[in-house]
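> Okay, handing you the structure first.
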Amino acid sequence: MSENPLDPILAIQSMLAPALGISAVGLLLLGLNNRYSIIINRIRLLNEERRKYLRYLQQHDSLEYADNIRFMSVTNQSNELLIRSRLVRNAILSLQSAIALFVLASVTIGVNLFVAAPAMKIIPLWIFVLAMVGVFLGVIYAAREVYRSYRIVLLEAKADD
């Protein structure tokens with residue numbers, strides 16, 4: 001036991017401090033999961049369209065000009081969407097790791113209330129800092145994905161010209 005008497009209210013406040021991080025990251029994850037689902041559905045739709053063109057090419061020698069342009073656009077968009085889905089996946093995994101680290105930080109704060117070892121006092125801080133690094137990486141991946149999404153819109157717009 002530590003030398004100070006255990007104050008239950010202070011203990012609860014200390015353990016719940018990382019919960020603010022969990023709430024904030026949860027909101028970010030909500031939007032990213034929705035975006036990830038939309039990207040995956042779009043990839044499936046484009047792949048189905050691409051398969052139709054490939055079936056047509058098996059029966060005929062070539063595509064008409066407009067169909068060929070669309071086929072190339074679908075292929076390019078699919079490739080870009082795969083990169084984009086990888087970025088969103090990485091953002092989600094980084095943020096989920098941050099949540100796990102925030103929970104672990106709360107647990108280690110609780111353990112510190114009962115363990116007087118000086119070496120244990122710094123562990124919650126390092127775990128919290130790692131959680132914040134996870135949040136930062138998640139935000140970086142999400143920002144790169146947003147930048148990538150604009151490129152995909154440009155691909156589609158150019159194909160329609």
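Within each chain, counting starts at residue 1; across the structure tokens, chains are named A, B, ... in the order shown, with ligands numbered 1 upward in that order.
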When you look at A:Leu155 with a cut-off of 10 Å (counting only C-alpha atoms), what residues show up, excluding the ones that are within fewer than 6 positions of it in the same chain? I need them as a ChimeraX atom specification.

/A:73-74,76-77,80,149

> Kindly save the residues from that selection, with N, CA and C atoms included, as a compact mmCIF listing (two decimals), in the first residue's frame.


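File written: part-v8.txt
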```txt
# COMPACT_ATOMS: atom_id res chain seq x y z
N SER A 73 -11.58 3.25 -66.70
CA SER A 73 -11.90 4.06 -65.53
C SER A 73 -12.24 3.18 -64.33
N VAL A 74 -13.02 2.13 -64.56
CA VAL A 74 -13.40 1.21 -63.49
C VAL A 74 -12.15 0.53 -62.92
N ASN A 76 -9.00 1.67 -63.00
CA ASN A 76 -8.22 2.66 -62.25
C ASN A 76 -8.86 3.01 -60.91
N GLN A 77 -10.18 3.18 -60.92
CA GLN A 77 -10.88 3.50 -59.67
C GLN A 77 -10.76 2.35 -58.67
N GLU A 80 -7.35 2.48 -57.04
CA GLU A 80 -7.27 3.58 -56.09
C GLU A 80 -8.10 3.29 -54.84
N SER A 149 -9.22 10.13 -51.67
CA SER A 149 -10.59 10.11 -52.18
C SER A 149 -10.80 11.18 -53.25
```

> What does the structure give for the distance between atom CA of A:Leu95 and atom CA of A:Ile12, in Å to one decimal?

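Rounded to one decimal, the two atoms are 24.2 Å apart.
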
> Find the residues near A:Leu137: any atom within 9 Å, counting only C-alpha atoms, skip ones fewer than 3 places away on the same chain, and give them as a short mmCIF file (atom, residue, chain, number, x, y, z; two decimals) with C-alpha atoms, in the first residue's frame.


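Output (out_24.cif):
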```
data_model
loop_
_atom_site.label_atom_id
_atom_site.label_comp_id
_atom_site.auth_asym_id
_atom_site.auth_seq_id
_atom_site.Cartn_x
_atom_site.Cartn_y
_atom_site.Cartn_z
CA ASN A 90 -4.91 1.18 -40.93
CA ALA A 91 -6.66 4.18 -39.37
CA SER A 94 -4.57 2.37 -35.05
CA LEU A 95 -7.58 3.84 -33.28
CA MET A 132 -2.04 9.08 -28.05
CA VAL A 133 0.51 8.01 -30.68
CA GLY A 134 -2.07 5.47 -31.88
CA ILE A 140 -2.73 10.65 -40.25
CA TYR A 141 -4.06 7.57 -42.06
CA ALA A 142 -7.55 9.11 -42.18
#
```

> Could you list, as a ChimeraX atom specification, every residue within 8 Å of stretch 39-47 of chain A, counting only C-alpha atoms and ignoring same-chain residues fewer than 6 positions away?

/A:74-75,77-78,81-82,84-85

> For the selection just defined, write its residues with C-alpha atoms to a file, as a PDB file, in the first residue's frame.


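What ended up in result18.pdb:
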```
ATOM      1  CA  VAL A  74     -13.395   1.210 -63.485  1.00  0.00           C
ATOM      2  CA  THR A  75     -10.009  -0.509 -63.358  1.00  0.00           C
ATOM      3  CA  GLN A  77     -10.879   3.496 -59.673  1.00  0.00           C
ATOM      4  CA  SER A  78     -10.738  -0.032 -58.258  1.00  0.00           C
ATOM      5  CA  LEU A  81     -10.125   2.361 -53.870  1.00  0.00           C
ATOM      6  CA  LEU A  82      -8.027  -0.601 -52.732  1.00  0.00           C
ATOM      7  CA  ARG A  84      -7.931   3.953 -49.947  1.00  0.00           C
ATOM      8  CA  SER A  85      -9.454   0.956 -48.148  1.00  0.00           C
TER       9      SER A  85
END
```

> Could you work out how far atom CA of A:Ala98 lies from atom CA of A:Leu125, giving the answer in Å with one decimal?

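These atoms are spaced 13.5 Å apart.
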
> Mind dumping a table of every stretch 15-86 of chain A residue within 9 Å of stretch 99-114 of chain A, with the nearest atom pair and its distance in Å to one decimal, using only C-alpha atoms, sorted by chain and rising number, as CSV?


```
residue,atom,partner,partner_atom,distance
A:Met15,CA,A:Ser106,CA,4.6
A:Leu16,CA,A:Ser106,CA,6.6
A:Ala17,CA,A:Ser106,CA,7.6
A:Pro18,CA,A:Phe102,CA,5.4
A:Ala19,CA,A:Phe102,CA,7.0
A:Gly21,CA,A:Phe102,CA,6.9
A:Ile22,CA,A:Ile99,CA,5.4
A:Ser23,CA,A:Ile99,CA,8.9
A:Val25,CA,A:Ile99,CA,7.0
A:Gly26,CA,A:Ile99,CA,8.1
```

> Closest to A:Ser37 among A:Ile92, A:Gln58, A:Leu63, A:Ile123, using only C-alpha atoms?

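Using only C-alpha atoms, A:Ser37 sits closest to A:Ile92.
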
> Pick out the closest residue to A:Tyr147 from this set: A:Leu87, A:Ala117, A:Leu57, A:Val129. Count only C-alpha atoms.

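Answer, going by the shortest atom-to-atom distance: A:Leu87.
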
> Between atom CA of A:Leu93 and atom CA of A:Trp126, what is the distance, to one decimal in Å?

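Computed distance, atom CA of A:Leu93 to atom CA of A:Trp126, equals 19.7 Å.
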